[in-house]
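Enquirer: Structure file target10.tsv, TSV, C-alpha atoms, is pasted below:
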chain	number	residue	atom	x	y	z
A	1	MET	CA	79.23	115.07	92.31
A	2	THR	CA	76.44	112.89	91.04
A	3	GLU	CA	75.47	109.48	92.34
A	4	HIS	CA	74.49	106.67	90.02
A	5	HIS	CA	73.11	103.32	91.17
A	6	VAL	CA	74.98	100.87	88.97
A	7	TRP	CA	75.72	97.58	90.71
A	8	ASP	CA	72.78	95.49	91.92
A	9	ARG	CA	72.95	93.36	95.06
A	10	PHE	CA	73.48	90.05	93.20
A	11	LEU	CA	76.43	91.44	91.26
A	12	ARG	CA	78.07	92.81	94.42
A	13	VAL	CA	77.53	89.57	96.36
A	14	PHE	CA	78.86	87.57	93.39
A	15	HIS	CA	81.94	89.78	93.11
A	16	TRP	CA	82.97	89.71	96.75
A	17	SER	CA	82.00	86.06	97.33
A	18	THR	CA	83.96	84.92	94.30
A	19	ALA	CA	86.95	87.04	95.28
A	20	GLY	CA	86.90	85.76	98.85
A	21	LEU	CA	86.45	82.12	97.92
A	22	PHE	CA	89.16	82.31	95.25
A	23	LEU	CA	91.60	83.84	97.73
A	24	LEU	CA	90.65	81.28	100.37
A	25	ASN	CA	91.19	78.40	97.96
A	26	THR	CA	94.41	79.83	96.56
A	27	LEU	CA	96.09	80.90	99.79
A	28	LEU	CA	94.68	78.89	102.68
A	29	THR	CA	93.36	75.48	101.69
A	30	ASP	CA	95.28	72.33	100.94
A	31	PRO	CA	94.74	71.58	97.22
A	32	GLU	CA	94.21	67.92	98.10
A	33	SER	CA	91.52	68.61	100.69
A	34	ALA	CA	87.77	68.17	100.42
A	35	LEU	CA	87.37	71.82	101.50
A	36	HIS	CA	89.36	72.93	98.43
A	37	ILE	CA	87.08	70.88	96.18
A	38	TRP	CA	83.88	72.21	97.77
A	39	ILE	CA	85.07	75.80	97.56
A	40	GLY	CA	85.85	75.12	93.88
A	41	TYR	CA	82.29	73.86	93.39
A	42	ALA	CA	80.97	77.01	95.08
A	43	VAL	CA	83.03	79.26	92.78
A	44	GLY	CA	81.88	77.27	89.75
A	45	THR	CA	78.27	77.63	90.86
A	46	LEU	CA	78.69	81.38	91.35
A	47	VAL	CA	80.13	81.69	87.84
A	48	VAL	CA	77.19	79.79	86.34
A	49	LEU	CA	74.79	82.09	88.21
A	50	ARG	CA	76.74	85.12	86.93
A	51	LEU	CA	76.47	83.84	83.36
A	52	ILE	CA	72.70	83.58	83.77
A	53	TRP	CA	72.57	87.04	85.40
A	54	GLY	CA	74.60	88.37	82.48
A	55	LEU	CA	71.70	87.43	80.22
A	56	ILE	CA	68.67	88.32	82.37
A	57	GLY	CA	69.92	90.78	85.01
A	58	PRO	CA	69.66	94.58	85.01
A	59	LYS	CA	71.32	96.56	82.23
A	60	THR	CA	74.71	97.12	83.88
A	61	ALA	CA	74.98	93.37	84.64
A	62	ARG	CA	74.17	92.24	81.09
A	63	PHE	CA	77.15	91.23	78.99
A	64	HIS	CA	75.85	92.91	75.85
A	65	SER	CA	75.67	96.26	77.64
A	66	PHE	CA	79.40	96.38	78.32
A	67	ALA	CA	80.96	94.24	75.60
A	68	PRO	CA	83.93	96.35	74.50
A	69	ARG	CA	84.27	97.59	70.97
A	70	ARG	CA	87.47	98.62	69.24
A	71	ARG	CA	86.35	102.26	69.12
A	72	THR	CA	85.53	102.43	72.85
A	73	LEU	CA	88.77	100.66	73.80
A	74	ARG	CA	90.75	103.13	71.69
A	75	ARG	CA	88.90	106.07	73.27
A	76	GLN	CA	89.59	104.84	76.80
A	77	LEU	CA	93.27	104.29	76.04
A	78	MET	CA	93.51	107.79	74.50
A	79	ASP	CA	91.80	109.29	77.55
A	80	MET	CA	94.29	107.55	79.80
A	81	ALA	CA	97.26	108.62	77.66
A	82	THR	CA	96.17	112.25	77.43
A	83	GLY	CA	94.93	112.63	81.00
A	84	ARG	CA	91.30	113.24	80.02
A	85	LYS	CA	88.95	112.11	82.74
A	86	SER	CA	86.05	110.02	81.55
A	87	ALA	CA	84.00	107.33	83.21
A	88	HIS	CA	81.48	104.69	82.31
A	89	LEU	CA	78.46	104.05	84.48
A	90	GLY	CA	79.00	100.31	84.19
A	91	HIS	CA	82.25	98.58	83.28
A	92	SER	CA	84.76	100.52	81.23
A	93	PRO	CA	85.93	98.83	78.00
A	94	LEU	CA	89.21	97.70	79.60
A	95	GLY	CA	87.33	96.66	82.73
A	96	ALA	CA	84.97	94.60	80.58
A	97	LEU	CA	87.91	92.78	79.01
A	98	MET	CA	89.11	91.91	82.51
A	99	ILE	CA	85.64	90.70	83.52
A	100	PHE	CA	85.45	88.42	80.48
A	101	ASN	CA	89.00	87.21	81.16
A	102	LEU	CA	88.24	86.42	84.81
A	103	ILE	CA	85.00	84.63	84.03
A	104	ALA	CA	86.67	82.55	81.31
A	105	VAL	CA	89.60	81.61	83.53
A	106	LEU	CA	87.29	80.70	86.43
A	107	ILE	CA	85.31	78.45	84.07
A	108	GLY	CA	88.57	76.79	83.03
A	109	ILE	CA	89.75	76.38	86.63
A	110	SER	CA	86.39	74.94	87.68
A	111	ALA	CA	86.23	72.55	84.72
A	112	SER	CA	89.80	71.31	85.10
A	113	GLY	CA	89.38	71.02	88.87
A	114	TYR	CA	86.24	68.96	88.39
A	115	MET	CA	87.99	66.82	85.78
A	116	MET	CA	90.69	65.95	88.33
A	117	THR	CA	88.00	64.45	90.61
A	118	THR	CA	86.71	62.05	87.95
A	119	SER	CA	88.05	58.56	87.35
A	120	LEU	CA	88.65	59.41	83.68
A	121	PHE	CA	91.11	62.22	84.44
A	122	TRP	CA	92.34	61.21	87.92
A	123	GLY	CA	96.14	61.58	87.92
A	124	VAL	CA	96.35	62.82	84.32
A	125	ASP	CA	99.27	65.25	84.24
A	126	TRP	CA	98.01	67.63	81.55
A	127	VAL	CA	94.76	68.27	83.46
A	128	GLU	CA	96.62	69.13	86.65
A	129	SER	CA	99.11	71.28	84.69
A	130	LEU	CA	96.25	73.10	82.99
A	131	HIS	CA	94.52	73.69	86.34
A	132	GLU	CA	97.72	75.08	87.87
A	133	ALA	CA	98.45	77.29	84.83
A	134	LEU	CA	94.92	78.71	84.90
A	135	VAL	CA	95.20	79.43	88.64
A	136	THR	CA	98.48	81.25	88.01
A	137	TRP	CA	96.85	83.27	85.21
A	138	ALA	CA	93.92	84.08	87.51
A	139	GLU	CA	96.30	85.26	90.25
A	140	ILE	CA	98.10	87.53	87.77
A	141	SER	CA	94.74	88.80	86.50
A	142	VAL	CA	93.52	89.54	90.02
A	143	VAL	CA	96.67	91.57	90.79
A	144	VAL	CA	96.28	93.50	87.52
A	145	HIS	CA	92.55	94.00	88.23
A	146	VAL	CA	93.13	95.38	91.73
A	147	ALA	CA	95.97	97.62	90.50
A	148	ALA	CA	93.78	98.93	87.66
A	149	VAL	CA	90.87	99.63	90.02
A	150	LEU	CA	93.18	101.58	92.34
A	151	TRP	CA	94.80	103.45	89.45
A	152	GLU	CA	91.52	104.31	87.72
A	153	SER	CA	89.97	105.36	91.04
A	154	ARG	CA	92.85	107.77	91.59
A	155	ARG	CA	92.90	108.96	87.97
A	156	THR	CA	89.17	109.65	87.69
A	157	GLY	CA	88.35	110.54	91.29
A	158	ILE	CA	85.72	107.75	91.41
A	159	ASN	CA	86.12	105.24	94.23
A	160	LEU	CA	85.46	102.09	92.21
A	161	ALA	CA	85.96	99.70	95.14
A	162	ARG	CA	83.38	101.59	97.22
A	163	ALA	CA	80.98	101.47	94.27
A	164	MET	CA	81.30	97.67	94.24
A	165	VAL	CA	80.45	97.63	97.96
A	166	THR	CA	77.56	100.11	97.94
A	167	GLY	CA	76.34	99.73	94.35
A	168	VAL	CA	76.60	103.51	93.87
A	169	LYS	CA	79.18	105.29	91.71
A	170	THR	CA	79.82	108.84	92.80
A	171	VAL	CA	81.09	110.72	89.75
A	172	PRO	CA	82.77	114.14	90.09
A	173	ASP	CA	81.26	116.87	87.92
A	174	THR	CA	84.66	117.27	86.21
A	175	VAL	CA	84.52	113.73	84.78
A	176	ARG	CA	82.89	113.18	81.39
A	177	LEU	CA	80.42	110.27	81.37
A	178	GLU	CA	80.73	107.94	78.40
A	179	PRO	CA	77.69	106.14	77.02
As structure tokens, please, write out the structure in this file.
Expert:
Amino acid sequence: MTEHHVWDRFLRVFHWSTAGLFLLNTLLTDPESALHIWIGYAVGTLVVLRLIWGLIGPKTARFHSFAPRRRTLRRQLMDMATGRKSAHLGHSPLGALMIFNLIAVLIGISASGYMMTTSLFWGVDWVESLHEALVTWAEISVVVHVAAVLWESRRTGINLARAMVTGVKTVPDTVRLEP
């Protein structure tokens, strides 16, 4: 087993704060309440900070370092289909697609939620419908994300959830590391 420090403190705090606030807003707050709006602002602020960190943060946090390419996506899918165990120090190609999906949908949720608080879009049906559709897509994405983390952790022998808590990926010697 080898240990690799991959996730910096900001990225871990962003991840768990965003997850917690999203769940809180989705499951526990009244959508009409001021608390719901303020939690939405907090999530939007976290996403803006993550976008900045994706440009100036350490290598594993930078978007260009894990932007998936067709070749790497194909290789990961083949590894999964054939049972070969490989891992990426940062996000895997499929994981990167999920990260980009989640960030984009959170931007859309934040923007449409903000729009609903303005006099220009107050009570406009398509804005509320868009907001609700994006929340539904985010909920589906979160379920797929958690299932994929659990499945990949089991498949590769790397506890990905623990790595997002500690910042350290412990990779078994039997797992091939991808660039």
Enquirer: Could you jot down the atom CA of Leu160 of chain A to atom CA of Trp137 of chain A separation for me, Å, one decimal place?
Expert: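 Separation of atom CA of Leu160 of chain A and atom CA of Trp137 of chain A: 23.1 Å.
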Enquirer: Smallest atom-to-atom distance to Thr170 of chain A: which of A:Ile39, A:Ala87, A:Leu102, A:Ala81, using all atoms listed in the file?
Expert: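 When distances to Thr170 of chain A are compared using all atoms listed in the file, the smallest one comes from A:Ala87.
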Enquirer: Looking at A:Ile99, A:Leu77, A:Leu150, A:Ala61, which one is nearest to Asp8 of chain A, with distances taken over only C-alpha atoms?
Expert: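 That would be A:Ala61, the residue with the smallest distance to Asp8 of chain A.
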Enquirer: Which residue, A:Ser153, A:Thr26, A:Thr60, A:Gln76, has the smallest gap to Glu178 of chain A when you use all atoms listed in the file?
Expert: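 Checking each of A:Ser153, A:Thr26, A:Thr60, A:Gln76 against Glu178 of chain A, counting all atoms listed in the file, the winner is A:Gln76.
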Enquirer: Could you tell me how far atom CA of Lys169 of chain A lies from atom CA of Arg69 of chain A, in Å and to one decimal?
Expert: 22.7 Å
Enquirer: Nearest residue to Gly54 of chain A out of A:Leu21, A:Leu27, A:Leu11, A:Leu97, using all atoms listed in the file?
Expert: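 For Gly54 of chain A, the nearest of the given residues is A:Leu11.
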Enquirer: Env of Ala138 of chain A: 7 Å cut, atoms = all atoms listed in the file, seq-sep filter 4 positions within chain, self excluded. Answer as a list in words.
Expert: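 Those residues are Leu102, Val105, Leu134 and Val142 of chain A.
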Enquirer: Find the residue from A:Met98, A:Ala111, A:Met80, A:Ile37 that sits nearest to Thr156 of chain A; use all atoms listed in the file when measuring.
Expert: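 Nearest to Thr156 of chain A: A:Met80.
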Enquirer: Give the answer as one residue: which of A:Val6, A:Val144, A:Leu130, A:Ile56 has the shortest atom-to-atom distance to Ile109 of chain A, using only C-alpha atoms?
Expert: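 Looking only at the distances to Ile109 of chain A, the closest residue turns out to be A:Leu130.
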Enquirer: List the neighbours of His36 of chain A out to 10 Å using all atoms listed in the file; skip same-chain residues closer than 4 positions along the sequence, and give me the result as a list in words.
Expert: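 My list of contacting residues is Leu21, Phe22, Leu24, Asn25, Thr26, Leu28, Thr29, Asp30, Pro31, Glu32, Gly40, Tyr41, Ala42 and Gly113 of chain A.
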Enquirer: At what distance in Å, to one decimal, does atom CA of Trp38 of chain A lie from atom CA of Val124 of chain A?
Expert: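 Atom-to-atom, atom CA of Val124 of chain A and atom CA of Trp38 of chain A are spaced 20.6 Å apart.
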Enquirer: Could you name the residues that touch Ile158 of chain A at 12 Å or less, counting all atoms listed in the file, but leaving out those on the same chain fewer than 2 positions away, as a VMD selection string?
Expert: chain A and resid 1 to 4 85 to 89 149 to 156 160 to 164 168 to 177
Enquirer: Enclose segment 154-172 of chain A, meaning all of its atoms listed in the file, in a box aligned along x, y and z, pad it by 5 Å on each side, and list the centre and edge lengths in Å to one decimal, as lines of an AutoDock Vina configuration file.
Expert:
center_x = 84.6
center_y = 105.9
center_z = 92.8
size_x = 26.6
size_y = 26.5
size_z = 20.3
Enquirer: Give me the residues within 9 Å of His131 of chain A as a list in words, counting only C-alpha atoms and dropping any in the same chain fewer than 2 places off.
Expert: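 Everything that qualifies: Gly108, Ile109, Ser110, Ala111, Ser112, Gly113, Met116, Trp126, Val127, Glu128, Ser129, Ala133, Leu134, Val135 and Thr136 of chain A.
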